[in-house]
$ cat coords-v3.cif   # mmCIF, C-alpha atoms
data_input
loop_
_atom_site.label_atom_id
_atom_site.label_comp_id
_atom_site.auth_asym_id
_atom_site.auth_seq_id
_atom_site.Cartn_x
_atom_site.Cartn_y
_atom_site.Cartn_z
CA MET O 11 35.97 -36.24 15.20
CA SER O 12 38.63 -33.55 15.45
CA ASP O 13 42.16 -33.97 14.12
CA PRO O 14 44.55 -34.36 17.11
CA ALA O 15 47.35 -32.64 15.18
CA ALA O 16 45.12 -29.67 14.33
CA THR O 17 43.92 -29.46 17.93
CA ALA O 18 47.50 -29.43 19.18
CA ALA O 19 48.45 -26.74 16.66
CA ILE O 20 45.58 -24.54 17.83
CA ALA O 21 46.56 -25.09 21.46
CA ASP O 22 50.12 -23.92 20.65
CA LEU O 23 48.98 -20.69 18.94
CA PRO O 24 49.32 -18.44 22.01
CA ARG O 25 53.01 -19.39 22.16
CA ALA O 26 53.67 -19.62 18.43
CA PRO O 27 55.91 -16.94 16.86
CA ILE O 28 54.20 -13.97 15.27
CA THR O 29 55.14 -14.12 11.59
CA HIS O 30 54.04 -12.62 8.29
CA ARG O 31 52.57 -15.97 7.34
CA ARG O 32 50.48 -16.03 10.51
CA VAL O 33 49.18 -12.51 9.86
CA LEU O 34 48.18 -13.43 6.31
CA ALA O 35 46.54 -16.68 7.47
CA ILE O 36 44.22 -14.59 9.65
CA ALA O 37 43.68 -11.71 7.22
CA LEU O 38 43.08 -13.31 3.83
CA PRO O 39 39.95 -15.33 4.74
CA ILE O 40 38.40 -12.12 6.11
CA VAL O 41 39.16 -10.26 2.87
CA LEU O 42 37.58 -13.12 0.88
CA SER O 43 34.60 -13.18 3.24
CA ASN O 44 34.04 -9.45 2.79
CA ALA O 45 34.20 -9.84 -0.98
CA THR O 46 30.96 -11.86 -0.86
CA VAL O 47 28.98 -9.13 0.93
CA PRO O 48 28.22 -6.81 -2.05
CA ILE O 49 27.12 -9.80 -4.13
CA LEU O 50 24.17 -10.51 -1.83
CA GLY O 51 22.81 -6.97 -1.99
CA ALA O 52 23.10 -6.98 -5.76
CA VAL O 53 21.19 -10.27 -6.03
CA ASP O 54 18.44 -9.07 -3.68
CA VAL O 55 17.89 -5.97 -5.81
CA GLY O 56 18.30 -7.86 -9.09
CA VAL O 57 15.77 -10.56 -8.19
CA VAL O 58 13.17 -8.07 -6.98
CA GLY O 59 13.87 -5.97 -10.05
CA GLN O 60 12.56 -8.83 -12.18
CA LEU O 61 9.08 -8.07 -10.83
CA GLY O 62 9.04 -5.06 -13.16
CA GLU O 63 8.01 -2.45 -10.59
CA ALA O 64 9.92 0.21 -8.72
CA ALA O 65 8.12 -0.11 -5.36
CA PRO O 66 9.45 -3.60 -4.45
CA ILE O 67 13.04 -2.47 -5.10
CA GLY O 68 12.61 0.56 -2.88
CA ALA O 69 10.89 -1.52 -0.21
CA VAL O 70 13.69 -4.09 -0.02
CA ALA O 71 16.34 -1.35 0.01
CA LEU O 72 14.56 0.61 2.76
CA GLY O 73 13.70 -2.46 4.83
CA ALA O 74 17.25 -3.80 4.60
CA ILE O 75 18.68 -0.48 5.79
CA VAL O 76 16.33 -0.36 8.79
CA ILE O 77 16.96 -3.97 9.82
CA GLY O 78 20.68 -3.63 9.16
CA THR O 79 20.84 -0.54 11.37
CA LEU O 80 19.02 -2.34 14.21
CA TYR O 81 21.44 -5.25 13.97
CA TRP O 82 24.42 -2.89 13.65
CA VAL O 83 23.72 -1.66 17.19
CA PHE O 84 24.92 -5.08 18.38
CA GLY O 85 28.11 -4.97 16.32
CA PHE O 86 29.99 -4.30 19.55
CA LEU O 87 29.43 -7.97 20.35
CA ARG O 88 31.93 -9.06 17.71
CA MET O 89 34.61 -6.57 18.71
CA GLY O 90 34.24 -7.05 22.45
CA THR O 91 34.22 -10.84 22.07
CA VAL O 92 37.47 -10.85 20.07
CA GLY O 93 39.40 -8.94 22.71
CA MET O 94 38.13 -10.81 25.76
CA VAL O 95 38.31 -14.30 24.22
CA GLY O 96 41.76 -13.63 22.73
CA GLN O 97 43.08 -12.48 26.09
CA ALA O 98 41.60 -15.51 27.86
CA GLU O 99 43.14 -17.80 25.25
CA GLY O 100 46.49 -16.03 25.58
CA ALA O 101 46.34 -16.59 29.33
CA ASP O 102 45.56 -20.32 28.77
CA ASP O 103 42.20 -19.89 30.53
CA SER O 104 40.17 -22.39 28.48
CA ALA O 105 37.29 -22.29 30.96
CA GLU O 106 36.83 -18.55 30.41
CA VAL O 107 37.14 -19.00 26.63
CA SER O 108 34.07 -21.27 26.72
CA ALA O 109 32.16 -19.14 29.24
CA LEU O 110 32.69 -16.01 27.15
CA LEU O 111 31.00 -17.61 24.15
CA THR O 112 28.01 -18.53 26.29
CA ARG O 113 27.77 -14.96 27.62
CA ALA O 114 27.96 -13.50 24.12
CA LEU O 115 25.29 -15.86 22.79
CA LEU O 116 23.00 -15.05 25.72
CA ILE O 117 23.38 -11.34 24.95
CA ALA O 118 22.59 -12.06 21.29
CA ALA O 119 19.48 -14.04 22.24
CA GLY O 120 18.29 -11.34 24.63
CA GLY O 121 18.95 -8.55 22.16
CA GLY O 122 17.25 -10.39 19.31
CA LEU O 123 14.16 -11.17 21.38
CA GLY O 124 14.07 -7.53 22.50
CA LEU O 125 13.98 -6.37 18.87
CA ILE O 126 11.15 -8.80 18.11
CA VAL O 127 9.09 -7.54 21.06
CA LEU O 128 9.78 -3.86 20.29
CA GLN O 129 9.31 -4.12 16.52
CA PRO O 130 6.07 -2.04 16.33
CA LEU O 131 7.75 0.90 18.07
CA LEU O 132 11.03 0.49 16.17
CA PHE O 133 9.33 0.31 12.76
CA TRP O 134 7.14 3.32 13.57
CA GLY O 135 10.23 5.32 14.47
CA ALA O 136 12.04 4.22 11.32
CA PHE O 137 9.24 5.37 9.01
CA ALA O 138 8.85 8.61 10.97
CA LEU O 139 12.51 9.36 10.21
CA ALA O 140 12.42 8.07 6.61
CA PRO O 141 8.89 8.46 5.23
CA ALA O 142 8.06 6.65 2.00
CA SER O 143 5.05 6.27 -0.27
CA ASP O 144 2.19 4.14 1.04
CA GLU O 145 3.05 1.33 -1.38
CA VAL O 146 6.74 1.26 -0.53
CA GLU O 147 6.07 1.52 3.21
CA GLY O 148 3.54 -1.31 3.09
CA LEU O 149 5.92 -3.62 1.24
CA ALA O 150 8.83 -2.60 3.48
CA ARG O 151 6.77 -3.41 6.58
CA THR O 152 6.05 -6.85 5.13
CA TYR O 153 9.76 -7.39 4.54
CA MET O 154 10.80 -6.14 7.99
CA THR O 155 8.08 -8.03 9.87
CA ILE O 156 9.43 -11.27 8.41
CA ARG O 157 13.14 -10.40 8.68
CA ILE O 158 12.98 -9.47 12.36
CA TRP O 159 12.25 -13.07 13.41
CA SER O 160 15.82 -14.10 12.70
CA ALA O 161 17.22 -11.29 14.88
CA PRO O 162 18.58 -13.63 17.61
CA CYS O 163 20.40 -15.68 14.97
CA ALA O 164 21.68 -12.66 13.03
CA ILE O 165 23.09 -11.09 16.20
CA ALA O 166 24.49 -14.45 17.33
CA VAL O 167 26.60 -14.47 14.15
CA PHE O 168 28.41 -11.38 15.53
CA ALA O 169 29.30 -13.30 18.70
CA LEU O 170 30.31 -16.46 16.83
CA THR O 171 32.42 -14.48 14.37
CA GLY O 172 34.20 -12.69 17.20
CA TRP O 173 34.95 -15.98 18.94
CA LEU O 174 36.32 -17.56 15.75
CA VAL O 175 38.50 -14.52 14.99
CA ALA O 176 39.90 -14.59 18.52
CA MET O 177 40.76 -18.27 18.07
CA GLU O 178 42.47 -17.49 14.72
CA ARG O 179 39.90 -19.51 12.79
CA THR O 180 39.03 -16.87 10.25
CA ALA O 181 38.52 -19.53 7.59
CA GLY O 182 35.43 -20.41 9.62
CA VAL O 183 34.23 -16.80 9.30
CA PHE O 184 34.56 -17.11 5.52
CA TRP O 185 32.55 -20.33 5.47
CA ILE O 186 29.78 -18.85 7.62
CA GLN O 187 29.44 -15.98 5.14
CA PHE O 188 29.64 -18.37 2.21
CA VAL O 189 26.88 -20.59 3.61
CA MET O 190 24.66 -17.64 4.52
CA ASN O 191 25.08 -15.74 1.28
CA GLY O 192 24.93 -18.84 -0.91
CA THR O 193 21.73 -20.02 0.78
CA ASN O 194 20.25 -16.55 0.53
CA VAL O 195 20.95 -16.26 -3.19
CA LEU O 196 19.52 -19.69 -4.03
CA LEU O 197 16.39 -19.14 -1.94
CA ASP O 198 15.94 -15.64 -3.41
CA LEU O 199 15.78 -17.16 -6.87
CA TRP O 200 13.43 -19.95 -5.79
CA PHE O 201 11.06 -17.94 -3.58
CA VAL O 202 10.80 -14.84 -5.78
CA LEU O 203 11.21 -16.06 -9.34
CA GLY O 204 10.03 -19.65 -8.85
CA LEU O 205 7.22 -19.34 -6.31
CA GLY O 206 6.32 -15.70 -6.92
CA TRP O 207 6.49 -14.64 -3.27
CA GLY O 208 7.81 -11.17 -4.10
CA VAL O 209 9.26 -9.02 -1.32
CA GLY O 210 8.20 -11.56 1.29
CA GLY O 211 10.24 -14.18 -0.53
CA VAL O 212 13.41 -12.09 -0.22
CA ALA O 213 12.77 -11.69 3.51
CA PHE O 214 12.07 -15.40 4.09
CA ALA O 215 15.26 -16.29 2.19
CA THR O 216 17.29 -14.07 4.51
CA VAL O 217 15.62 -15.44 7.66
CA ILE O 218 16.46 -19.00 6.68
CA ALA O 219 20.01 -18.05 5.65
CA GLU O 220 20.71 -16.22 8.93
CA THR O 221 19.30 -19.09 10.98
CA LEU O 222 21.40 -21.58 9.04
CA GLY O 223 24.47 -19.34 9.40
CA ALA O 224 24.09 -19.20 13.18
CA GLY O 225 23.63 -22.96 13.38
CA PHE O 226 26.69 -23.56 11.23
CA GLY O 227 28.67 -21.08 13.34
CA ILE O 228 27.76 -22.96 16.52
CA TYR O 229 28.95 -26.15 14.84
CA LEU O 230 32.29 -24.50 14.01
CA CYS O 231 32.61 -23.39 17.64
CA ARG O 232 31.63 -26.84 18.95
CA ASP O 233 34.87 -27.40 20.87
CA ALA O 234 33.83 -24.55 23.19
CA PHE O 235 30.89 -26.75 24.18
CA SER O 236 33.02 -29.88 24.61
CA ARG O 237 34.02 -28.63 28.07
CA PRO O 238 31.48 -28.24 30.88
CA ASP O 239 32.66 -24.67 31.53
CA TRP O 240 30.28 -23.25 28.90
CA ARG O 241 27.38 -24.06 31.24
CA ASP O 242 29.15 -23.27 34.51
CA TRP O 243 26.51 -20.68 35.42
CA THR O 244 28.45 -19.35 38.41
CA ARG O 245 31.30 -18.47 36.05
CA VAL O 246 29.06 -17.34 33.20
CA PHE O 247 27.19 -14.90 35.43
CA ASP O 248 30.25 -13.76 37.37
CA ARG O 249 29.36 -10.19 38.37
CA VAL O 250 32.85 -8.72 37.96
CA VAL O 251 33.32 -10.16 34.47
CA LEU O 252 29.81 -9.13 33.40
CA ILE O 253 30.45 -5.53 34.51
CA ARG O 254 33.77 -5.45 32.62
CA MET O 255 32.09 -6.89 29.53
CA ALA O 256 29.29 -4.31 29.75
CA LEU O 257 31.73 -1.41 30.10
CA ILE O 258 33.88 -2.54 27.17
CA ASN O 259 30.88 -3.10 24.93
CA THR O 260 29.27 0.21 25.90
CA ASP O 261 32.47 2.12 25.10
CA ILE O 262 32.72 0.38 21.72
CA LEU O 263 29.05 1.12 20.99
CA ILE O 264 29.56 4.85 21.71
CA ARG O 265 32.67 4.90 19.53
CA SER O 266 30.84 3.15 16.68
CA ALA O 267 27.81 5.45 16.97
CA LEU O 268 30.04 8.53 16.63
CA LEU O 269 31.80 6.98 13.63
CA MET O 270 28.41 6.26 12.04
CA ALA O 271 27.37 9.87 12.76
CA ILE O 272 30.38 11.12 10.80
CA PHE O 273 29.56 9.01 7.73
CA THR O 274 25.82 9.74 7.93
CA SER O 275 26.42 13.49 8.21
CA PHE O 276 28.82 13.25 5.26
CA VAL O 277 25.93 11.94 3.12
CA PHE O 278 23.40 14.47 4.44
CA LEU O 279 25.75 17.44 4.08
CA GLY O 280 26.70 16.30 0.59
CA ALA O 281 23.03 16.30 -0.36
CA GLY O 282 23.01 20.04 0.31
CA PHE O 283 25.30 20.58 -2.69
CA GLY O 284 22.78 19.17 -5.15
CA ASP O 285 21.80 15.84 -6.67
CA VAL O 286 24.82 15.59 -8.98
CA THR O 287 27.32 16.15 -6.16
CA LEU O 288 25.41 13.74 -3.92
CA ALA O 289 25.55 11.06 -6.62
CA ALA O 290 29.25 11.70 -7.27
CA ASN O 291 30.03 11.39 -3.55
CA GLU O 292 28.09 8.11 -3.42
CA VAL O 293 30.12 6.72 -6.33
CA LEU O 294 33.38 7.62 -4.59
CA VAL O 295 32.19 6.26 -1.23
CA GLN O 296 31.97 2.84 -2.89
CA PHE O 297 35.78 3.02 -3.12
CA MET O 298 35.78 3.61 0.64
CA TYR O 299 33.86 0.37 1.14
CA VAL O 300 36.49 -1.48 -0.90
CA THR O 301 39.17 0.01 1.35
CA ALA O 302 37.31 -0.98 4.51
CA TYR O 303 36.76 -4.54 3.27
CA ALA O 304 40.44 -4.92 2.42
CA MET O 305 41.66 -3.37 5.69
CA ASP O 306 39.31 -5.46 7.82
CA GLY O 307 41.52 -8.50 7.30
CA PHE O 308 44.61 -6.89 8.80
CA ALA O 309 42.64 -5.07 11.51
CA PHE O 310 41.16 -8.43 12.53
CA ALA O 311 44.65 -9.93 12.57
CA ALA O 312 45.74 -7.11 14.88
CA GLU O 313 42.73 -7.75 17.14
CA THR O 314 43.45 -11.42 17.74
CA LEU O 315 47.27 -11.21 17.93
CA ILE O 316 47.21 -8.21 20.26
CA ALA O 317 44.55 -9.88 22.43
CA ARG O 318 46.61 -13.07 22.78
CA ALA O 319 49.77 -11.06 23.56
CA TYR O 320 47.84 -9.05 26.14
CA GLY O 321 46.57 -12.25 27.71
CA ARG O 322 50.17 -13.46 28.02
CA ARG O 323 51.20 -10.10 29.54
CA ASP O 324 53.96 -9.84 26.93
CA PRO O 325 54.69 -6.27 25.72
CA ALA O 326 57.25 -7.51 23.19
CA ARG O 327 54.61 -9.65 21.47
CA VAL O 328 52.18 -6.72 21.61
CA ARG O 329 54.70 -4.53 19.78
CA ARG O 330 55.58 -7.17 17.19
CA SER O 331 51.89 -7.88 16.55
CA ALA O 332 51.21 -4.17 16.09
CA LEU O 333 54.18 -3.67 13.76
CA LEU O 334 53.58 -6.69 11.52
CA THR O 335 49.85 -6.18 11.07
CA SER O 336 50.25 -2.42 10.58
CA GLY O 337 52.99 -3.01 8.03
CA TRP O 338 50.67 -5.15 5.93
CA GLY O 339 47.89 -2.62 6.43
CA ALA O 340 50.14 0.20 5.21
CA VAL O 341 51.16 -1.77 2.11
CA THR O 342 47.49 -2.44 1.37
CA CYS O 343 46.57 1.24 1.74
CA VAL O 344 49.37 2.35 -0.59
CA MET O 345 48.27 -0.22 -3.19
CA LEU O 346 44.64 0.90 -2.89
CA ALA O 347 45.59 4.57 -3.27
CA LEU O 348 47.64 3.72 -6.36
CA GLY O 349 44.80 1.60 -7.71
CA PHE O 350 42.28 4.40 -7.23
CA ALA O 351 44.63 6.90 -8.90
CA LEU O 352 45.18 4.70 -11.95
CA GLY O 353 41.83 2.90 -12.20
CA GLY O 354 39.53 5.47 -10.63
CA PRO O 355 38.49 7.17 -13.89
CA TRP O 356 37.57 3.83 -15.45
CA LEU O 357 35.62 2.74 -12.36
CA ILE O 358 33.73 6.03 -12.31
CA ASP O 359 32.73 5.56 -15.95
CA VAL O 360 31.52 2.03 -15.19
CA MET O 361 29.52 3.05 -12.12
CA ALA O 362 27.95 6.27 -13.46
CA LYS O 363 26.35 6.86 -16.85
CA ASP O 364 25.42 10.49 -16.34
CA GLN O 365 28.19 12.72 -17.67
CA GLY O 366 27.64 15.35 -15.01
CA VAL O 367 28.08 12.78 -12.25
CA ARG O 368 31.18 11.42 -13.97
CA ASP O 369 32.77 14.87 -14.27
CA THR O 370 31.97 15.76 -10.66
CA ALA O 371 33.30 12.43 -9.36
CA MET O 372 36.53 12.99 -11.30
CA GLU O 373 36.87 16.43 -9.70
CA PHE O 374 36.79 14.89 -6.21
CA LEU O 375 38.67 11.68 -7.00
CA PRO O 376 41.96 12.98 -5.51
CA TRP O 377 40.31 13.01 -2.07
CA MET O 378 39.42 9.35 -2.46
CA VAL O 379 42.96 8.56 -3.58
CA ALA O 380 44.22 10.19 -0.38
CA ALA O 381 41.61 8.48 1.86
CA PRO O 382 43.40 5.12 2.34
CA LEU O 383 46.61 6.94 3.27
CA ALA O 384 44.83 9.28 5.68
CA GLY O 385 42.87 6.47 7.31
CA CYS O 386 45.47 3.69 7.51
CA ALA O 387 46.63 4.46 11.05
CA ALA O 388 43.06 4.82 12.32
CA TRP O 389 41.94 1.49 10.87
CA MET O 390 44.92 -0.42 12.22
CA LEU O 391 44.90 1.22 15.64
CA ASP O 392 41.20 0.40 15.96
CA GLY O 393 42.13 -3.27 15.64
CA ILE O 394 45.02 -2.91 18.08
CA PHE O 395 42.87 -1.20 20.73
CA ILE O 396 40.00 -3.68 20.26
CA GLY O 397 42.40 -6.55 20.91
CA ALA O 398 43.65 -4.85 24.07
CA THR O 399 40.02 -4.19 25.12
CA ARG O 400 40.87 -0.50 25.52
CA GLY O 401 37.29 0.58 24.89
CA ALA O 402 37.55 3.74 27.00
CA ASP O 403 40.48 4.98 24.91
CA MET O 404 38.58 4.25 21.70
CA ARG O 405 35.54 6.12 23.01
CA ASN O 406 37.49 9.13 24.24
CA MET O 407 39.67 9.51 21.15
CA MET O 408 36.58 9.13 18.95
CA LEU O 409 34.92 11.96 20.89
CA VAL O 410 37.95 14.16 20.23
CA SER O 411 38.03 13.17 16.55
CA PHE O 412 34.30 13.81 16.18
CA ALA O 413 34.69 17.28 17.67
CA ILE O 414 37.57 18.01 15.28
CA TYR O 415 35.43 16.81 12.35
CA VAL O 416 32.54 19.09 13.36
CA ALA O 417 34.85 22.08 13.81
CA CYS O 418 36.58 21.46 10.48
CA ALA O 419 33.25 21.07 8.66
CA ALA O 420 31.91 24.27 10.21
CA VAL O 421 34.87 26.21 8.82
CA ALA O 422 35.61 24.36 5.56
CA LEU O 423 32.12 23.84 4.11
CA PRO O 424 31.27 27.56 3.71
CA LEU O 425 34.72 28.23 2.23
CA LEU O 426 35.33 25.14 0.07
CA GLY O 427 31.94 23.51 -0.47
CA ASN O 428 32.13 19.77 -1.20
CA HIS O 429 35.93 19.94 -1.14
CA GLY O 430 35.58 21.12 2.44
CA LEU O 431 33.33 18.16 3.21
CA TRP O 432 35.91 15.69 1.92
CA LEU O 433 38.65 17.56 3.77
CA SER O 434 36.67 17.26 7.02
CA LEU O 435 36.17 13.52 6.53
CA LEU O 436 39.89 12.90 5.93
CA VAL O 437 40.82 15.16 8.84
CA SER O 438 38.62 12.97 11.07
CA PHE O 439 40.58 9.91 9.87
CA VAL O 440 43.90 11.56 10.66
CA ALA O 441 42.60 12.75 14.03
CA ARG O 442 41.60 9.22 15.01
CA GLY O 443 44.99 7.87 14.00
CA VAL O 444 46.94 10.59 15.82
CA THR O 445 44.89 10.50 19.04
CA LEU O 446 44.92 6.70 19.27
CA GLY O 447 48.63 6.73 18.43
CA MET O 448 49.21 9.03 21.39
CA ARG O 449 47.55 6.46 23.63
CA TYR O 450 49.50 3.48 22.24
CA PRO O 451 52.49 3.75 24.65
CA ALA O 452 50.11 3.38 27.60
CA LEU O 453 48.53 0.35 25.93
CA GLU O 454 51.92 -1.31 25.58
CA ARG O 455 52.96 -0.45 29.16
CA ASP O 456 49.76 -1.96 30.55
CA ALA O 457 50.58 -5.29 28.88
CA HIS O 458 53.18 -5.97 31.63
#

$ encode --input "coords-v3.cif" --output "structure tokens"
Amino acid sequence: MSDPAATAAIADLPRAPITHRRVLAIALPIVLSNATVPILGAVDVGVVGQLGEAAPIGAVALGAIVIGTLYWVFGFLRMGTVGMVGQAEGADDSAEVSALLTRALLIAAGGGLGLIVLQPLLFWGAFALAPASDEVEGLARTYMTIRIWSAPCAIAVFALTGWLVAMERTAGVFWIQFVMNGTNVLLDLWFVLGLGWGVGGVAFATVIAETLGAGFGIYLCRDAFSRPDWRDWTRVFDRVVLIRMALINTDILIRSALLMAIFTSFVFLGAGFGDVTLAANEVLVQFMYVTAYAMDGFAFAAETLIARAYGRRDPARVRRSALLTSGWGAVTCVMLALGFALGGPWLIDVMAKDQGVRDTAMEFLPWMVAAPLAGCAAWMLDGIFIGATRGADMRNMMLVSFAIYVACAAVALPLLGNHGLWLSLLVSFVARGVTLGMRYPALERDAH
């Protein structure tokens, strides 16, 4: 049974004041949740590494990248769900809050089943783009053929996470990750080391963990199913709402694809400067992941608070939400930049044993120190625009930023080499922040 006091507190959230405490209550569970993500990858590799062969490690790494990329395509489901659910909640439209979860879960089910049906074609395309040895490819196919069966559940977690974030229940997001990752680790150890199932054991562990995570997420969202609106099929399949949802999600997908293209090209272009430079860039990019994990918390806070303010048609709350969350984001970025400046040399020595890689990473460390400062506005404005469901603005400004990145790289790489590559990446961050910032006044005006 639910706690009446807690239920009443949740119901009052759209009208509750926007405070620093409220921002932190949303952000900190997301930061903790993100902290568990690298642990799982390390355990997967570590457990398979106990088999004493290189091929299984490569197979799990390759298979995980392919499956992760296929699932990443549906990442728009989390972002689109946050904005639309938050706005419905802000407008006190509880029926639409429930119906939106049903729509998102139906999309997840359809997308997951589509991946299962299309797996032969998708896997063929993946290995055509990233060929591997016969042994690695065979083991990777085994891994992927098992993993793909949890696709509906894995994609459903995006929808469930978005709904929980929109409802300011980010502690639930942490517990979903905790349950999934904890289950995965324990089953990895049992299936691989205990039962000797090898690569297949790692895949089965993940399938069970993702299925359990989706089931637990549905349990955490159970109050959405306590009202009959979740199965009001006339509302769920409302043509106007479905078209709006499709447009928002398509815009976010295009924006995310362009962002992925920037980071992927950064890796590929870096490879052209030699193995040592490629390795040094990869070491420094790990710092970028730390920044992204830390900033996610405050970007998520911006998403839900902006969405609720937009649903209430309250520009003053939109502005306060943007200022408070961005203030915390800025403090975090300054602390990260300072941390990288002071602790970067030590972290490089820990992560790389080759002296050439260490020296090269130290040469380019100042770019990584500057990265949180250059990207702060872009990360926070992403959250603000997601909450306002301004997908077209995100798409258009990302197109401009991508073009600026390409132009900068075309000029800077021949002149500055890898320094030019880092310059181009940071210029793309600044471009996103500036272009989205130019669109912010319109966002605030439209909240009336």

$ residues_around --input "coords-v3.cif" --residues "O:Ala234" --least-positions-apart "6" --cutoff "12 Å" --atoms "all atoms listed in the file" --output "PyMOL selection string"
chain O and resi 95+99+104-112+170+173-174+177+227-228+240-241

$ closest_residue --input "coords-v3.cif" --among "O:Arg330, O:Arg323, O:Arg157, O:Arg113" --to "O:Ile253" --atoms "all atoms listed in the file"
O:Arg113

$ residues_around --input "coords-v3.cif" --residues "O:Gly120" --least-positions-apart "3" --cutoff "12 Å" --atoms "all atoms listed in the file" --output "compact mmCIF listing (two decimals) with C-alpha atoms, in the frame of the given file"
# COMPACT_ATOMS: atom_id res chain seq x y z
CA PHE O 84 24.92 -5.08 18.38
CA ARG O 113 27.77 -14.96 27.62
CA ALA O 114 27.96 -13.50 24.12
CA LEU O 115 25.29 -15.86 22.79
CA LEU O 116 23.00 -15.05 25.72
CA ILE O 117 23.38 -11.34 24.95
CA LEU O 123 14.16 -11.17 21.38
CA GLY O 124 14.07 -7.53 22.50
CA LEU O 125 13.98 -6.37 18.87
CA ILE O 126 11.15 -8.80 18.11
CA VAL O 127 9.09 -7.54 21.06
CA ALA O 161 17.22 -11.29 14.88
CA PRO O 162 18.58 -13.63 17.61
CA CYS O 163 20.40 -15.68 14.97
CA ILE O 165 23.09 -11.09 16.20
CA ALA O 166 24.49 -14.45 17.33

$ closest_residue --input "coords-v3.cif" --among "O:Ala413, O:Met372, O:Val92, O:Val41" --to "O:Ala271" --atoms "only C-alpha atoms"
O:Ala413

$ closest_residue --input "coords-v3.cif" --among "O:Asn191, O:Thr287, O:Gln365, O:Thr180" --to "O:Leu34" --atoms "only C-alpha atoms"
O:Thr180

$ resolve_selection --input "coords-v3.cif" --expression "the PyMOL selection byres ((chain O and resi 351) around 12)" --output "list of chain:residue names"
O:Phe297, O:Val344, O:Met345, O:Leu346, O:Ala347, O:Leu348, O:Gly349, O:Phe350, O:Leu352, O:Gly353, O:Gly354, O:Pro355, O:Trp356, O:Leu357, O:Ile358, O:Met372, O:Phe374, O:Leu375, O:Pro376, O:Trp377, O:Met378, O:Val379, O:Ala380, O:Ala381, O:Pro382

$ atom_distance --input "coords-v3.cif" --atom1 "atom CA of O:Gly78" --atom2 "atom CA of O:Met408"
22.6 Å

$ resolve_selection --input "coords-v3.cif" --expression "the PyMOL selection byres ((chain O and resi 155) around 12)" --output "PyMOL selection string"
chain O and resi 73-74+76-77+125-130+132-134+147-154+156-161+209-210+213-214+217

$ closest_residue --input "coords-v3.cif" --among "O:Phe310, O:Phe168, O:Ala256, O:Arg245" --to "O:Gly122" --atoms "only C-alpha atoms"
O:Phe168

$ atom_distance --input "coords-v3.cif" --atom1 "atom CA of O:Ala119" --atom2 "atom CA of O:Ala219"
17.1 Å

$ closest_residue --input "coords-v3.cif" --among "O:Gly204, O:Gly223, O:Gly211, O:Gly68" --to "O:Val189" --atoms "all atoms listed in the file"
O:Gly223

$ atom_distance --input "coords-v3.cif" --atom1 "atom CA of O:Leu230" --atom2 "atom CA of O:Thr399"
24.4 Å

$ closest_residue --input "coords-v3.cif" --among "O:Ala181, O:Ile394, O:Glu220, O:Leu426" --to "O:Thr193" --atoms "all atoms listed in the file"
O:Glu220

$ resolve_selection --input "coords-v3.cif" --expression "the PyMOL selection byres ((chain O and resi 87) around 8)" --output "list in words"
Phe84, Gly85, Phe86, Arg88, Met89, Gly90, Thr91, Ala114, Phe168, Ala169, Gly172 and Asn259 of chain O

$ residues_around --input "coords-v3.cif" --residues "O:Phe273" --least-positions-apart "5" --cutoff "12 Å" --atoms "only C-alpha atoms" --output "list of chain:residue names"
O:Ser266, O:Ala267, O:Leu268, O:Phe278, O:Leu279, O:Gly280, O:Asn291, O:Glu292, O:Val295, O:Met298, O:Tyr299, O:Phe412, O:Tyr415, O:Val416, O:Leu431, O:Trp432, O:Ser434, O:Leu435, O:Leu436, O:Ser438, O:Phe439

$ residues_near_point --input "coords-v3.cif" --point "(29.8, 22.1, -3.8)" --cutoff "12 Å" --atoms "only C-alpha atoms" --output "ChimeraX atom specification"
/O:279-288,290-291,370-371,373-374,422-432
